[in-house]
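Here is model.cif, consisting of mmCIF, C-alpha atoms:
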```cif
data_query
#
loop_
_atom_site.label_atom_id
_atom_site.label_comp_id
_atom_site.auth_asym_id
_atom_site.auth_seq_id
_atom_site.Cartn_x
_atom_site.Cartn_y
_atom_site.Cartn_z
CA MET A 1 -0.78 9.46 3.95
CA THR A 2 1.00 9.50 0.84
CA LEU A 3 4.66 9.78 0.68
CA PHE A 4 6.14 6.37 0.54
CA GLY A 5 9.53 5.65 -0.79
CA SER A 6 13.06 4.62 -0.24
CA ALA A 7 16.29 6.32 -1.10
CA LEU A 8 17.86 5.50 -4.41
CA ALA A 9 21.02 3.45 -4.50
CA GLY A 10 23.83 5.42 -2.96
CA GLY A 11 21.38 7.73 -1.20
CA SER A 12 21.11 11.43 -1.82
CA THR A 13 19.60 14.31 0.12
CA TRP A 14 17.82 16.00 -2.76
CA TYR A 15 14.82 13.70 -2.78
CA PHE A 16 13.64 14.93 0.61
CA THR A 17 13.19 18.38 -0.89
CA LEU A 18 11.13 16.86 -3.65
CA ILE A 19 8.61 15.34 -1.27
CA LEU A 20 7.42 18.83 -0.49
CA LEU A 21 6.18 18.94 -4.08
CA ALA A 22 4.63 15.52 -3.91
CA ILE A 23 1.24 14.74 -5.32
CA ASN A 24 -0.08 12.59 -2.48
CA PRO A 25 -0.86 8.98 -3.37
CA GLN A 26 -2.27 7.01 -0.55
CA VAL A 27 0.08 6.31 2.24
CA VAL A 28 3.04 8.68 2.62
CA CYS A 29 5.71 7.32 0.34
CA LEU A 30 8.78 9.47 -0.08
CA GLU A 31 10.12 7.95 -3.24
CA CYS A 32 6.59 7.46 -4.50
CA ALA A 33 5.97 11.13 -3.83
CA ASN A 34 9.02 12.26 -5.74
CA ASN A 35 7.97 10.53 -8.89
CA ARG A 36 4.30 11.37 -8.52
CA THR A 37 5.17 14.96 -9.11
CA PHE A 38 7.38 14.54 -12.13
CA ASN A 39 5.71 11.57 -13.79
CA ARG A 40 2.19 12.92 -13.62
CA ASP A 41 2.14 14.30 -17.16
CA ARG A 42 3.33 10.99 -18.56
CA LEU A 43 0.44 9.01 -17.14
CA LEU A 44 -2.17 7.66 -19.52
CA ASN A 45 -5.65 9.12 -19.55
CA THR A 46 -8.09 7.19 -17.40
CA THR A 47 -11.31 5.61 -18.44
CA THR A 48 -13.85 5.96 -15.66
CA LEU A 49 -16.21 3.02 -15.30
CA LYS A 50 -19.31 2.84 -13.15
CA LYS A 51 -19.15 0.31 -10.39
CA PRO A 52 -21.44 -2.71 -10.50
CA GLU A 53 -24.92 -2.43 -8.98
CA SER A 54 -23.71 -3.82 -5.65
CA TYR A 55 -21.82 -0.57 -5.13
CA VAL A 56 -24.92 1.60 -5.34
CA ASN A 57 -25.58 3.57 -2.16
CA ASN A 58 -28.83 2.05 -0.85
CA GLN A 59 -29.83 5.26 0.90
CA THR A 60 -29.29 7.75 -1.89
CA LYS A 61 -29.86 5.26 -4.72
CA LYS A 62 -26.92 6.85 -6.49
CA THR A 63 -23.67 5.34 -7.68
CA ILE A 64 -21.43 7.90 -6.04
CA TYR A 65 -18.08 6.16 -6.41
CA ARG A 66 -16.35 4.82 -9.47
CA ILE A 67 -13.41 2.69 -10.46
CA SER A 68 -10.77 4.74 -12.23
CA LYS A 69 -8.87 2.43 -14.55
CA ILE A 70 -5.83 2.68 -16.76
CA SER A 71 -5.78 0.32 -19.75
CA THR A 72 -8.75 -1.64 -18.45
CA SER A 73 -8.44 -4.42 -20.99
CA GLU A 74 -4.77 -4.93 -20.10
CA ASP A 75 -5.57 -5.05 -16.41
CA LEU A 76 -8.31 -7.60 -16.92
CA ALA A 77 -6.07 -9.68 -19.17
CA ARG A 78 -3.33 -9.65 -16.55
CA PHE A 79 -5.79 -10.52 -13.80
CA ASN A 80 -7.19 -13.42 -15.84
CA ARG A 81 -3.68 -14.73 -16.52
CA MET A 82 -3.00 -14.74 -12.79
CA VAL A 83 -6.24 -16.55 -12.11
CA LYS A 84 -5.36 -19.16 -14.72
CA TYR A 85 -1.92 -19.59 -13.15
CA ALA A 86 -3.41 -19.81 -9.65
CA ARG A 87 -5.78 -22.56 -10.71
CA GLU A 88 -3.14 -24.53 -12.58
CA GLU A 89 -0.65 -24.34 -9.71
CA LYS A 90 -3.34 -24.94 -7.07
CA LEU A 91 -2.20 -21.85 -5.18
CA SER A 92 -5.28 -22.01 -2.97
CA GLN A 93 -3.68 -25.01 -1.26
CA ARG A 94 -0.64 -22.99 -0.18
CA SER A 95 -0.16 -20.70 2.80
CA ILE A 96 -1.26 -17.09 2.41
CA GLY A 97 2.37 -15.97 2.46
CA GLU A 98 3.29 -18.35 -0.35
CA ILE A 99 0.31 -17.18 -2.38
CA ILE A 100 1.37 -13.55 -1.91
CA GLN A 101 4.91 -14.28 -3.08
CA ALA A 102 3.67 -16.21 -6.11
CA ILE A 103 1.38 -13.35 -7.14
CA ALA A 104 4.06 -10.72 -6.49
CA ASN A 105 6.37 -12.62 -8.83
CA HIS A 106 3.91 -12.04 -11.67
CA PHE A 107 4.38 -8.28 -11.34
CA ILE A 108 8.17 -8.22 -11.63
CA GLY A 109 9.04 -5.69 -14.30
CA VAL A 110 5.69 -3.86 -14.16
CA PRO A 111 6.51 -0.13 -14.31
CA TYR A 112 6.41 2.25 -11.42
CA LYS A 113 3.70 4.86 -11.94
CA ALA A 114 3.22 7.85 -9.71
CA GLY A 115 0.11 9.74 -8.66
CA LEU A 116 -2.46 7.17 -9.76
CA LEU A 117 -4.70 7.81 -6.76
CA ASP A 118 -4.59 11.57 -7.01
CA ARG A 119 -5.39 12.52 -10.56
CA SER A 120 -8.90 13.56 -9.63
CA ILE A 121 -10.02 16.14 -7.10
CA ASP A 122 -12.90 13.82 -6.20
CA GLU A 123 -11.83 10.62 -4.46
CA LYS A 124 -12.28 7.58 -6.70
CA LEU A 125 -11.55 3.92 -6.17
CA VAL A 126 -8.48 3.51 -8.34
CA VAL A 127 -7.49 0.03 -9.46
CA SER A 128 -4.45 -0.61 -11.62
CA LEU A 129 -2.47 -3.75 -12.43
CA ASP A 130 -0.22 -2.33 -15.14
CA GLY A 131 1.57 0.21 -12.95
CA PHE A 132 2.07 0.83 -9.24
CA ASP A 133 3.57 3.04 -6.61
CA CYS A 134 4.92 1.22 -3.57
CA VAL A 135 1.67 1.08 -1.59
CA LEU A 136 -0.60 0.29 -4.51
CA PHE A 137 1.64 -2.70 -5.28
CA VAL A 138 1.29 -4.10 -1.76
CA GLU A 139 -2.46 -3.48 -1.70
CA SER A 140 -3.02 -5.14 -5.07
CA VAL A 141 -0.97 -8.26 -4.32
CA VAL A 142 -2.59 -8.80 -0.93
CA ALA A 143 -6.08 -8.20 -2.37
CA ILE A 144 -5.58 -10.77 -5.13
CA ALA A 145 -4.06 -13.29 -2.73
CA ARG A 146 -7.02 -13.03 -0.35
CA GLY A 147 -9.37 -14.01 -3.15
CA ILE A 148 -7.22 -16.90 -4.35
CA ALA A 149 -6.95 -18.31 -0.82
CA MET A 150 -10.75 -18.49 -0.71
CA GLN A 151 -10.94 -19.79 -4.30
CA ASP A 152 -12.88 -16.68 -5.21
CA TYR A 153 -11.42 -15.66 -8.56
CA ALA A 154 -13.86 -12.86 -9.42
CA TYR A 155 -12.41 -9.53 -10.46
CA SER A 156 -15.19 -7.79 -8.49
CA THR A 157 -13.96 -9.51 -5.31
CA PHE A 158 -10.47 -8.18 -5.95
CA VAL A 159 -11.90 -4.66 -6.29
CA GLU A 160 -13.88 -5.05 -3.07
CA HIS A 161 -10.71 -6.10 -1.25
CA ILE A 162 -8.89 -3.02 -2.52
CA GLU A 163 -11.60 -0.77 -1.12
CA ASP A 164 -11.69 -2.69 2.15
CA GLN A 165 -7.93 -2.33 2.62
CA ARG A 166 -7.51 1.28 1.50
CA TYR A 167 -10.26 3.11 3.38
CA ALA A 168 -11.39 3.67 6.95
CA ASN A 169 -14.07 1.16 7.91
CA GLY A 170 -13.48 -0.49 4.54
CA LYS A 171 -15.59 2.03 2.62
CA ILE A 172 -14.61 4.91 0.38
CA ASN A 173 -16.16 8.15 1.59
CA GLY A 174 -14.08 10.98 0.20
CA TYR A 175 -10.41 11.90 0.43
CA CYS A 176 -10.33 11.86 4.21
CA SER A 177 -11.51 8.25 4.36
CA ARG A 178 -8.31 7.06 2.68
CA LEU A 179 -5.78 5.56 5.12
CA HIS A 180 -2.95 7.95 4.39
CA TYR A 181 -0.40 7.01 7.07
CA PHE A 182 0.94 3.47 6.93
CA SER A 183 0.60 2.94 10.69
CA GLU A 184 -3.06 3.87 10.32
CA TRP A 185 -3.35 1.48 7.36
CA ILE A 186 -1.99 -1.37 9.48
CA ALA A 187 -4.19 -0.55 12.48
CA GLU A 188 -7.37 -0.38 10.39
CA ASN A 189 -6.61 -3.59 8.52
CA GLN A 190 -5.76 -5.34 11.75
CA LYS A 191 -9.11 -4.27 13.17
CA ARG A 192 -10.83 -5.94 10.21
CA GLY A 193 -8.80 -9.13 10.48
CA THR A 194 -6.78 -8.63 7.31
CA VAL A 195 -3.32 -8.26 8.86
CA GLN A 196 -1.62 -8.51 12.24
CA ASN A 197 1.01 -6.02 13.36
CA ILE A 198 3.82 -8.27 14.62
CA THR A 199 6.39 -5.52 15.17
CA SER A 200 6.13 -5.65 18.97
CA LYS A 201 6.39 -9.44 19.03
CA LEU A 202 9.60 -9.14 17.04
CA GLY A 203 11.12 -6.85 19.65
CA GLY A 204 9.99 -3.51 18.31
CA VAL A 205 10.58 -0.31 20.27
CA PRO A 206 8.39 2.83 20.45
CA LEU A 207 8.67 5.29 17.58
CA ASN A 208 7.48 8.19 19.77
CA LYS A 209 6.50 10.49 16.96
CA LYS A 210 3.58 12.77 16.18
CA LEU A 211 2.22 12.10 12.70
CA ASN A 212 1.42 15.44 11.11
CA PHE A 213 3.41 15.63 7.89
CA MET A 214 0.37 16.19 5.69
CA THR A 215 -0.96 19.18 7.56
CA LYS A 216 2.51 20.61 8.10
CA HIS A 217 2.98 20.51 4.34
CA ARG A 218 -0.58 21.30 3.38
CA TYR A 219 0.24 23.11 0.16
CA SER A 220 2.11 20.10 -1.20
CA TYR A 221 -1.23 18.27 -1.37
CA PRO A 222 -3.71 19.52 -4.00
CA GLN A 223 -6.61 17.97 -2.11
CA LEU A 224 -5.67 19.96 1.01
CA ALA A 225 -4.26 23.18 -0.38
CA ASN A 226 -7.57 24.75 -1.36
CA ASN A 227 -10.05 22.53 0.42
CA GLU A 228 -10.71 23.58 4.00
CA ILE A 229 -13.03 20.65 4.66
CA ASN A 230 -10.40 18.10 3.65
CA TYR A 231 -7.72 19.95 5.59
CA LYS A 232 -9.73 20.09 8.83
CA CYS A 233 -10.64 16.44 8.44
CA ILE A 234 -6.99 15.41 8.08
CA VAL A 235 -6.12 17.56 11.12
CA GLU A 236 -8.69 15.57 13.09
CA GLN A 237 -7.35 12.28 11.78
CA GLU A 238 -3.81 13.19 12.75
CA THR A 239 -5.00 14.14 16.23
CA LYS A 240 -6.62 10.72 16.62
CA LEU A 241 -3.42 9.05 15.49
CA ALA A 242 -1.74 10.39 18.62
CA GLU A 243 -3.57 7.60 20.46
CA LEU A 244 -1.96 4.98 18.22
CA THR A 245 1.05 3.11 19.62
CA ILE A 246 3.69 2.83 16.90
CA ASN A 247 6.66 0.51 17.25
CA TYR A 248 9.51 -0.25 14.90
CA ILE A 249 12.38 -2.71 14.68
CA PRO A 250 15.70 -0.85 14.77
CA GLN A 251 17.87 -1.25 11.71
CA ASN A 252 20.63 -3.13 13.56
CA GLN A 253 18.19 -5.83 14.68
CA ILE A 254 16.71 -6.71 11.29
CA LYS A 255 19.21 -9.38 10.27
CA SER A 256 18.78 -11.30 13.53
CA LEU A 257 15.03 -11.60 12.88
CA TYR A 258 15.21 -13.33 9.50
CA SER A 259 14.16 -16.67 11.01
CA GLN A 260 10.96 -15.08 12.31
CA LEU A 261 9.94 -13.35 9.10
CA GLN A 262 7.87 -15.04 6.41
CA PRO A 263 7.33 -14.53 2.68
CA GLY A 264 4.45 -12.13 2.17
CA ASP A 265 4.99 -10.17 5.37
CA ILE A 266 4.31 -6.48 4.76
CA VAL A 267 7.23 -4.18 5.52
CA GLY A 268 7.14 -0.44 6.10
CA VAL A 269 10.45 1.45 6.19
CA ALA A 270 10.39 3.54 9.38
CA THR A 271 11.91 7.00 9.09
CA ASN A 272 13.37 9.77 11.24
CA ILE A 273 11.72 12.46 9.11
CA ASP A 274 9.53 14.72 11.24
CA GLY A 275 5.83 13.93 11.02
CA LEU A 276 6.22 10.69 9.07
CA ASP A 277 6.14 7.07 10.18
CA VAL A 278 7.11 5.29 6.97
CA THR A 279 8.73 6.28 3.67
CA HIS A 280 8.45 3.09 1.62
CA THR A 281 6.78 -0.31 1.72
CA GLY A 282 7.11 -3.76 0.17
CA LEU A 283 6.77 -7.48 0.82
CA ILE A 284 9.19 -9.98 2.33
CA TYR A 285 10.56 -12.20 -0.43
CA ARG A 286 12.26 -15.58 0.08
CA ASN A 287 14.94 -16.05 -2.56
CA ALA A 288 15.76 -19.44 -4.07
CA ASP A 289 18.72 -19.82 -1.69
CA GLY A 290 16.51 -19.05 1.33
CA ASN A 291 17.79 -15.52 1.95
CA LEU A 292 15.14 -12.90 2.72
CA GLY A 293 14.80 -9.86 0.50
CA LEU A 294 12.13 -7.32 -0.40
CA ILE A 295 9.91 -7.27 -3.48
CA HIS A 296 8.55 -3.78 -4.09
CA ALA A 297 7.56 -1.16 -6.62
CA SER A 298 10.68 0.93 -6.80
CA PRO A 299 10.52 4.57 -7.94
CA ILE A 300 13.69 3.98 -9.93
CA GLY A 301 11.59 2.16 -12.49
CA GLU A 302 9.64 -1.02 -11.80
CA VAL A 303 8.62 -3.85 -9.51
CA ALA A 304 11.83 -5.59 -8.52
CA ILE A 305 13.45 -7.78 -5.87
CA SER A 306 16.09 -6.39 -3.53
CA TYR A 307 18.06 -9.50 -2.62
CA ASP A 308 18.78 -8.76 1.04
CA LEU A 309 16.26 -6.94 3.27
CA HIS A 310 18.74 -5.57 5.80
CA ARG A 311 21.17 -4.38 3.17
CA TYR A 312 18.36 -2.62 1.32
CA ILE A 313 17.06 -0.84 4.43
CA ARG A 314 20.56 0.38 5.24
CA ARG A 315 20.65 2.12 1.86
CA VAL A 316 17.38 3.96 2.39
CA GLU A 317 18.06 7.54 3.39
CA ASN A 318 16.57 8.55 6.76
CA ALA A 319 15.57 4.94 7.48
CA ILE A 320 15.78 3.84 11.11
CA GLY A 321 14.23 0.38 10.83
CA ILE A 322 11.08 -1.44 9.80
CA ILE A 323 7.47 -2.00 10.77
CA VAL A 324 6.08 -5.46 9.98
CA ALA A 325 2.50 -6.63 9.47
CA ARG A 326 1.60 -10.23 8.65
CA PRO A 327 -1.37 -10.92 6.36
CA ILE A 328 -3.96 -13.12 8.06
CA ASP A 329 -5.12 -16.16 6.15
CA PRO A 330 -8.82 -15.54 5.29
CA ARG A 331 -9.43 -19.28 5.43
CA GLN A 332 -8.63 -19.25 9.14
CA VAL A 333 -10.96 -16.30 9.67
CA GLU A 334 -13.73 -18.18 7.87
CA LYS A 335 -13.25 -21.26 10.04
CA ARG A 336 -13.60 -19.20 13.20
CA ARG A 337 -16.87 -17.78 11.91
CA LEU A 338 -18.37 -21.22 11.26
#
```
Is it possible to express this structure as structure tokens?
Amino acid sequence: MTLFGSALAGGSTWYFTLILLAINPQVVCLECANNRTFNRDRLLNTTTLKKPESYVNNQTKKTIYRISKISTSEDLARFNRMVKYAREEKLSQRSIGEIIQAIANHFIGVPYKAGLLDRSIDEKLVVSLDGFDCVLFVESVVAIARGIAMQDYAYSTFVEHIEDQRYANGKINGYCSRLHYFSEWIAENQKRGTVQNITSKLGGVPLNKKLNFMTKHRYSYPQLANNEINYKCIVEQETKLAELTINYIPQNQIKSLYSQLQPGDIVGVATNIDGLDVTHTGLIYRNADGNLGLIHASPIGEVAISYDLHRYIRRVENAIGIIVARPIDPRQVEKRRL
């Protein structure tokens, strides 16, 4: 959905009220939602670019989707710098997790920006490398890493990976095609061989929750408030999600699992808030001393590293544990196809 986020240091109850005002991003991020609402007016104007010819709908012969970009030249410059770094450091020879951590490092200090996916009533394929909310950060890092692993350094490949990861069946087809709930995001990307949900293998227990936050708070979402088609579609999606088995690792078990976690693993912060599965997301980060932390786009300002994963989760209000998905190395997938 679109309400991802973690509690601020010290934790406070007021931010839960703010999520009811949230301008939905892409996966239900509580802290992301807070700031989407209040940072919206500070966002830069977008420059809409037509997609390349390969994105033309072959049936209608119309380019119906576009890439909505902020500071396109800055994004491209940043992407090219990462490609240069990846080549020089021979990142393609490393594991997918190591590639993800190396790329994530390049975004430290990049500002948190809210509402990037929801500034248009019509769904557009938004790509941004100069600002993120928590989910957009994870998506972007994983998308870039997938290309580097295959030694495919084209910007167009990165964009294709973003679309593949963000939408049902890997194709953008309106607001309802976006994978709003994080559990749905994991399930869809697992189906396509992009990630593997390892929560159960790590000893996860059932979440036993009905995901319906979006429809229960319809008027907090501009795309649902006055659009009956979108609303009914999301109702249907939430009904289908009832068939999805969702597990999480309880908070008190996180520390004992450090030896089984790897850099680049995708973490969702499981919550006890009614109707929601996850309130924030980030990537496992191995510090120089070997301790495991979390690198994430924090609503308090920018992409940063929280030194200790367990300690961070304990500070997130309403958090009950974590959900973990491991990115699958595309080189292994390619070998199986040959």
My list of candidates is A:Val235, A:Ala168, A:Ile246, A:Ile96. Which is closest to A:Pro263 when distances are computed with all atoms listed in the file?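 Among the listed residues, A:Ile96 lies closest to A:Pro263.
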Can you tell me, as a ChimeraX atom specification, what residues are no more than 10 Å from A:Arg146 when counting all atoms listed in the file, ignoring any on the same chain fewer than 2 positions away? /A:92,96,99-100,141-144,148-153,157-158,161,194,327-331
One number please: atom CA of A:Ile249 to atom CA of A:Ile323, in Å, one decimal. 6.3 Å
Write out as an MDAnalysis selection string the residues lying within 10 Å of A:Lys240, counting all atoms listed in the file and excluding same-chain residues fewer than 4 positions away. chainID A and resid 184 211 234:236 244
How far is it from atom CA of A:Gly204 to atom CA of A:Ile103, in Å with one decimal? 28.6 Å
Two-atom distance - atom CA of A:Ala297, atom CA of A:Ile108 (Å): 8.7 Å
Got a sec to check which residues sit within 12 Å of (13.7, 0.7, 14.0), counting all atoms listed in the file, and write them as an MDAnalysis selection string? chainID A and resid 199:200 202:208 246:254 267:272 277:278 310 313:314 318:324
To verify the selection step, state as a ChimeraX atom specification which residues the PyMOL selection byres ((chain A and resi 167) around 9) yields on this input. /A:162-166,168-173,176-180,185,188
On this structure, which residues satisfy the PyMOL selection byres ((chain A and resi 137) around 10), written as a ChimeraX atom specification? /A:104,107,110,112,128-129,131-136,138-143,281-283,295-298,303
In terms of the shortest atom-to-atom distance over only C-alpha atoms, which of A:Leu224, A:Leu276, A:Met82, A:Ile266 is closest to A:Gly293?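 Of the candidates, the smallest distance to A:Gly293 is held by A:Ile266.
Remark: for A:Gln196, the closest of the candidate residues A:Ser183, A:Leu125, A:Arg78, A:Leu91 is A:Ser183 (distances computed over only C-alpha atoms).
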Pick from A:Leu257, A:Met214, A:Ala288, A:Ala187: nearest to A:Glu238, with all atoms listed in the file counted?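 Of A:Leu257, A:Met214, A:Ala288, A:Ala187, the one nearest A:Glu238 is A:Met214, counting all atoms listed in the file.
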Spatial neighbours of A:Glu123, 7 Å, all atoms listed in the file, chain gap at least 3 places, as number ranges by chain: A: 120, 174-175
Fewer than 6 positions away in the same chain doesn't count, so skip those; otherwise give me all residues within 10 Å of A:Asp274, counting only C-alpha atoms, as a ChimeraX atom specification. /A:209-213,216
Those residues with C-alpha atoms, as a PDB file, keeping the file's coordinate frame please?
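Everything below was put into result.pdb:
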```
ATOM      1  CA  LYS A 209       6.500  10.490  16.960  1.00  0.00           C
ATOM      2  CA  LYS A 210       3.580  12.770  16.180  1.00  0.00           C
ATOM      3  CA  LEU A 211       2.220  12.100  12.700  1.00  0.00           C
ATOM      4  CA  ASN A 212       1.420  15.440  11.110  1.00  0.00           C
ATOM      5  CA  PHE A 213       3.410  15.630   7.890  1.00  0.00           C
ATOM      6  CA  LYS A 216       2.510  20.610   8.100  1.00  0.00           C
TER       7      LYS A 216
END
```
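Closest to A:Val159 among A:Ala102, A:Leu294, A:Ile186, A:Val127 is A:Val127, based on all atoms listed in the file.
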Centre and edges of the stretch 183-202 of chain A box, axis-aligned, 6 Å extra per side, as AutoDock Vina command-line options:
```
--center_x -0.6 --center_y -2.8 --center_z 13.2 --size_x 32.4 --size_y 25.3 --size_z 23.7
```
Compare A:Val316, A:Tyr221, A:Ala242, A:Lys255 by their minimum atom-to-atom distance to A:Gly115, counting all atoms listed in the file, and give me the closest one. A:Tyr221
Written coordinates, C-alpha atoms of stretch 103-154 of chain A as a compact mmCIF listing (two decimals), in the first residue's frame:
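Result file follows (decode_6.txt):
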```txt
# COMPACT_ATOMS: atom_id res chain seq x y z
CA ILE A 103 25.12 0.65 -4.03
CA ALA A 104 23.16 1.57 -0.90
CA ASN A 105 26.30 3.21 0.48
CA HIS A 106 26.28 5.63 -2.44
CA PHE A 107 22.91 6.98 -1.33
CA ILE A 108 23.85 7.83 2.25
CA GLY A 109 22.82 11.41 2.87
CA VAL A 110 20.34 11.56 -0.04
CA PRO A 111 17.25 13.39 1.29
CA TYR A 112 14.00 11.78 2.24
CA LYS A 113 11.22 12.94 -0.08
CA ALA A 114 7.59 12.14 0.44
CA GLY A 115 4.77 11.54 -2.01
CA LEU A 116 6.87 11.06 -5.14
CA LEU A 117 4.63 8.31 -6.49
CA ASP A 118 1.39 10.13 -5.86
CA ARG A 119 1.70 13.59 -7.31
CA SER A 120 -0.41 12.68 -10.29
CA ILE A 121 -3.95 11.34 -10.39
CA ASP A 122 -2.89 9.13 -13.30
CA GLU A 123 -0.44 6.39 -12.38
CA LYS A 124 3.02 7.04 -13.80
CA LEU A 125 6.27 5.14 -13.54
CA VAL A 126 8.18 7.36 -11.16
CA VAL A 127 11.96 7.05 -11.00
CA SER A 128 14.07 9.16 -8.68
CA LEU A 129 17.66 8.86 -7.46
CA ASP A 130 17.94 12.21 -5.71
CA GLY A 131 15.27 11.58 -3.08
CA PHE A 132 13.41 8.59 -1.64
CA ASP A 133 10.79 7.39 0.74
CA CYS A 134 11.57 4.10 2.46
CA VAL A 135 10.18 1.79 -0.22
CA LEU A 136 11.46 3.74 -3.20
CA PHE A 137 14.96 3.50 -1.69
CA VAL A 138 14.79 -0.29 -1.44
CA GLU A 139 13.33 -0.64 -4.93
CA SER A 140 15.96 1.60 -6.51
CA VAL A 141 18.95 -0.08 -4.85
CA VAL A 142 17.75 -3.58 -5.71
CA ALA A 143 16.94 -2.56 -9.30
CA ILE A 144 20.41 -1.09 -9.85
CA ALA A 145 22.11 -4.08 -8.23
CA ARG A 146 20.27 -6.53 -10.48
CA GLY A 147 21.66 -4.78 -13.54
CA ILE A 148 25.21 -4.61 -12.20
CA ALA A 149 25.18 -8.32 -11.35
CA MET A 150 24.40 -9.06 -15.00
CA GLN A 151 26.89 -6.41 -16.21
CA ASP A 152 24.00 -4.57 -17.80
CA TYR A 153 24.70 -0.94 -17.02
CA ALA A 154 21.96 0.65 -19.12
```
